[in-house]
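*Asks:* protein_38.pdb (PDB, C-alpha atoms) pasted underneath:
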```
ATOM      1  CA  TRP A 800      83.187  92.754  97.582
ATOM      2  CA  ASP A 801      85.512  92.239 100.483
ATOM      3  CA  ILE A 802      87.377  95.532 100.270
ATOM      4  CA  ARG A 803      88.459  98.036 102.884
ATOM      5  CA  TYR A 804      89.225 101.720 102.918
ATOM      6  CA  THR A 805      92.572 102.570 104.436
ATOM      7  CA  PRO A 806      93.656 106.161 104.997
ATOM      8  CA  ASP A 807      96.794 107.369 103.245
ATOM      9  CA  PRO A 808      99.627 105.640 105.143
ATOM     10  CA  LYS A 809     102.051 108.490 104.348
ATOM     11  CA  PRO A 810     100.105 111.769 104.284
ATOM     12  CA  GLU A 811     103.361 113.628 104.877
ATOM     13  CA  ALA A 812     104.395 112.657 101.333
ATOM     14  CA  GLY A 813     101.661 114.961  99.999
ATOM     15  CA  LEU A 814     100.524 112.610  97.245
ATOM     16  CA  LEU A 815      97.133 114.337  96.944
ATOM     17  CA  PHE A 816      98.804 117.666  96.272
ATOM     18  CA  ARG A 817     101.106 116.129  93.638
ATOM     19  CA  SER A 818      98.358 114.139  91.922
ATOM     20  CA  ASP A 819      96.941 114.822  88.461
ATOM     21  CA  HIS A 820      93.495 115.421  89.923
ATOM     22  CA  PHE A 821      94.541 118.045  92.478
ATOM     23  CA  PRO A 822      93.714 120.976  90.119
ATOM     24  CA  PHE A 823      90.153 119.628  90.011
ATOM     25  CA  ALA A 824      90.025 119.327  93.804
ATOM     26  CA  LYS A 825      91.088 122.974  94.195
ATOM     27  CA  ARG A 826      88.014 123.871  92.145
ATOM     28  CA  GLY A 827      85.769 121.663  94.266
ATOM     29  CA  VAL A 828      85.533 118.640  91.969
ATOM     30  CA  PRO A 829      85.691 115.424  94.028
ATOM     31  CA  ALA A 830      88.140 112.799  92.884
ATOM     32  CA  LEU A 831      89.011 109.311  93.943
ATOM     33  CA  SER A 832      92.490 107.878  94.282
ATOM     34  CA  TRP A 833      92.503 104.117  94.143
ATOM     35  CA  SER A 834      95.376 101.884  95.068
ATOM     36  CA  ALA A 835      95.662  98.180  95.653
ATOM     37  CA  GLY A 836      96.835  98.944  99.159
ATOM     38  CA  GLN A 837      98.857  96.782 101.467
ATOM     39  CA  ASP A 838      96.214  94.616 103.150
ATOM     40  CA  TRP A 839      96.490  91.605 100.890
ATOM     41  CA  VAL A 840      94.048  88.691 100.814
ATOM     42  CA  ASP A 841      97.003  86.307 100.986
ATOM     43  CA  GLY A 842      99.386  87.384 103.725
ATOM     44  CA  GLY A 843      97.588  90.448 105.073
ATOM     45  CA  VAL A 844      99.277  93.739 105.828
ATOM     46  CA  ALA A 845     102.653  92.119 106.526
ATOM     47  CA  ALA A 846     102.870  90.646 103.012
ATOM     48  CA  GLY A 847     101.612  93.818 101.352
ATOM     49  CA  ARG A 848     103.997  96.063 103.262
ATOM     50  CA  LYS A 849     106.946  93.761 102.520
ATOM     51  CA  ALA A 850     106.172  93.749  98.793
ATOM     52  CA  SER A 851     105.706  97.522  98.724
ATOM     53  CA  GLU A 852     108.966  98.171 100.537
ATOM     54  CA  ASP A 853     110.805  95.731  98.262
ATOM     55  CA  TYR A 854     109.375  97.350  95.125
ATOM     56  CA  THR A 855     110.211 100.869  96.320
ATOM     57  CA  ALA A 856     113.763  99.950  97.316
ATOM     58  CA  LYS A 857     114.669  97.807  94.314
ATOM     59  CA  ARG A 858     112.532  98.822  91.335
ATOM     60  CA  TYR A 859     110.560 102.083  91.696
ATOM     61  CA  HIS A 860     111.954 104.523  89.105
ATOM     62  CA  GLN A 861     114.932 102.256  88.566
ATOM     63  CA  GLN A 862     116.099 100.057  85.714
ATOM     64  CA  GLY A 863     114.248  97.029  87.122
ATOM     65  CA  ASP A 864     110.884  98.860  87.174
ATOM     66  CA  GLU A 865     109.112  96.555  84.756
ATOM     67  CA  TRP A 866     106.534  93.796  84.578
ATOM     68  CA  GLN A 867     107.306  90.713  86.646
ATOM     69  CA  PRO A 868     106.035  87.272  85.544
ATOM     70  CA  ASP A 869     105.046  86.305  89.096
ATOM     71  CA  TRP A 870     102.562  89.159  89.517
ATOM     72  CA  VAL A 871      98.982  88.103  90.267
ATOM     73  CA  PHE A 872      96.231  90.228  88.704
ATOM     74  CA  ALA A 873      93.148  88.765  90.410
ATOM     75  CA  GLY A 874      92.961  91.751  92.760
ATOM     76  CA  ALA A 875      93.337  94.184  89.863
ATOM     77  CA  ALA A 876      90.442  92.519  88.044
ATOM     78  CA  ARG A 877      88.290  92.823  91.157
ATOM     79  CA  ASP A 878      89.332  96.464  91.594
ATOM     80  CA  LEU A 879      88.423  97.197  87.970
ATOM     81  CA  GLU A 880      84.956  95.745  88.549
ATOM     82  CA  VAL A 881      84.485  97.969  91.616
ATOM     83  CA  LEU A 882      85.687 101.095  89.791
ATOM     84  CA  TYR A 883      83.561 100.348  86.721
ATOM     85  CA  THR A 884      80.483  99.878  88.901
ATOM     86  CA  LEU A 885      81.146 103.133  90.740
ATOM     87  CA  GLY A 886      81.688 105.043  87.489
ATOM     88  CA  ASN A 887      78.576 103.557  85.950
ATOM     89  CA  GLN A 888      76.474 104.483  88.972
ATOM     90  CA  LEU A 889      77.813 108.046  88.981
ATOM     91  CA  ALA A 890      77.319 108.457  85.237
ATOM     92  CA  ASN A 891      73.705 107.290  85.439
ATOM     93  CA  SER A 892      72.758 109.165  88.589
ATOM     94  CA  ARG A 893      71.230 112.564  89.074
ATOM     95  CA  ASP A 894      73.065 112.925  92.386
ATOM     96  CA  TRP A 895      76.285 114.912  92.349
ATOM     97  CA  PRO A 896      79.242 113.650  94.383
ATOM     98  CA  ASN A 897      80.471 115.954  97.119
ATOM     99  CA  TRP A 898      83.221 116.230  99.674
ATOM    100  CA  SER A 899      82.636 115.313 103.305
ATOM    101  CA  LYS A 900      81.370 118.155 105.467
ATOM    102  CA  ASP A 901      84.736 118.685 107.178
ATOM    103  CA  GLU A 902      86.778 118.798 103.950
ATOM    104  CA  ALA A 903      88.245 122.157 102.903
ATOM    105  CA  PHE A 904      87.246 121.663  99.242
ATOM    106  CA  ARG A 905      83.568 121.337 100.211
ATOM    107  CA  ALA A 906      82.935 125.117 100.234
ATOM    108  CA  VAL A 907      84.148 125.506  96.656
ATOM    109  CA  ARG A 908      81.975 122.585  95.568
ATOM    110  CA  ASP A 909      78.911 123.909  97.345
ATOM    111  CA  ALA A 910      79.381 127.337  95.731
ATOM    112  CA  SER A 911      78.942 125.723  92.303
ATOM    113  CA  ALA A 912      75.797 123.750  93.209
ATOM    114  CA  ASP A 913      73.215 125.976  91.478
ATOM    115  CA  PRO A 914      74.823 125.925  87.999
ATOM    116  CA  ARG A 915      74.986 122.104  88.152
ATOM    117  CA  LYS A 916      71.230 121.647  88.685
TER     118      LYS A 916
END
```
Kindly transcribe the structure held in the file into structure tokens.
*Replies:*
Amino acid sequence: WDIRYTPDPKPEAGLLFRSDHFPFAKRGVPALSWSAGQDWVDGGVAAGRKASEDYTAKRYHQQGDEWQPDWVFAGAARDLEVLYTLGNQLANSRDWPNWSKDEAFRAVRDASADPRK
């Protein structure tokens, strides 16, 4: 897959701390937030940023926030394949996911290692 990881472009918005999986993170359970991002195959970052800004300004949590017939779902299908593969590998593995060594939630996760064995 030709995919890239991009850090949160607006960490000041605190999306991790407002997410549904944050209560799990506080207890050391790793979680993954996945987004289509703004680096589009067709048009690159400029096209992705323009579309995101347009959506936020004109539709996000507004009356026009609904399906648009010109949306392309090829990227979503590819993303679903990646997420399914990741989930399948995790479900069939004996390895437990963990936080990176410099992450604050790592200590809580490590403290629960013995009961998970």
*Asks:* Residues picked by the PyMOL selection byres ((chain A and resi 833) around 10) here, as JSON, numbers by chain?
*Replies:* {"A": [804, 830, 831, 832, 834, 835, 836, 878, 882]}
*Asks:* Each residue of segment 816-882 of chain A with at least one atom at most 8 Å from segment 903-913 of chain A should appear once, together with its nearest atom pair and the corresponding distance in Å (one decimal); atoms considered: all atoms listed in the file; ordering: chain, then increasing residue number; output as a tab-separated table.
*Replies:*
```
residue	atom	partner	partner_atom	distance
A:Ala824	CA	A:Phe904	CA	6.5
A:Lys825	CA	A:Phe904	CA	6.5
A:Arg826	CA	A:Val907	CA	6.2
A:Gly827	CA	A:Arg908	CA	4.1
A:Val828	CA	A:Arg908	CA	6.4
```
*Asks:* Please report the interatomic distance between atom CA of Trp895 of chain A and atom CA of Phe816 of chain A in Å with one decimal.
*Replies:*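 According to the coordinates, atom CA of Trp895 of chain A and atom CA of Phe816 of chain A are separated by 23.0 Å.
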*Asks:* Can you tell me, as JSON, the centre and edge lengths (Å, one decimal) of the axis-aligned box enclosing all of segment 856-859 of chain A's listed atoms after padding each side by 3 Å?
*Replies:*
```
{"center_x": 112.6, "center_y": 99.9, "center_z": 94.3, "size_x": 10.1, "size_y": 10.3, "size_z": 12.0}
```
*Asks:* Which polymer residues have any atom within 9 Å of an atom of Thr805 of chain A, counting only C-alpha atoms, with same-chain residues fewer than 2 positions away left out, as a list in words?
*Replies:*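 The residues that qualify are Arg803, Asp807, Pro808, Gly836 and Asp838 of chain A.
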*Asks:* Take the residues from that selection and put them in a file with C-alpha atoms, as an mmCIF file, keeping the file's coordinate frame.
*Replies:*
```
data_model
loop_
_atom_site.group_PDB
_atom_site.id
_atom_site.type_symbol
_atom_site.label_atom_id
_atom_site.label_comp_id
_atom_site.auth_asym_id
_atom_site.auth_seq_id
_atom_site.Cartn_x
_atom_site.Cartn_y
_atom_site.Cartn_z
ATOM 1 C CA ARG A 803 88.459 98.036 102.884
ATOM 2 C CA ASP A 807 96.794 107.369 103.245
ATOM 3 C CA PRO A 808 99.627 105.640 105.143
ATOM 4 C CA GLY A 836 96.835 98.944 99.159
ATOM 5 C CA ASP A 838 96.214 94.616 103.150
#
```
*Asks:* Atom CA of Ala876 of chain A to atom CA of Val844 of chain A: how many Å, to one decimal?
*Replies:*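 Atom CA of Val844 of chain A lies 19.9 Å from atom CA of Ala876 of chain A.
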*Asks:* Just to confirm, what's the straight-line distance from atom CA of Asp864 of chain A to atom CA of Pro806 of chain A in Å (one decimal)?
*Replies:* 25.8 Å
*Asks:* Rank nothing, just name the residue among A:Ala845, A:Phe872, A:Arg915, A:Asp819 nearest to Arg893 of chain A, using only C-alpha atoms.
*Replies:* A:Arg915
*Asks:* Compare A:Asp894, A:Arg877, A:Pro829, A:Tyr854 by their minimum atom-to-atom distance to Asp801 of chain A, counting only C-alpha atoms, and give me the closest one.
*Replies:*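 Result for the nearest residue to Asp801 of chain A: A:Arg877.
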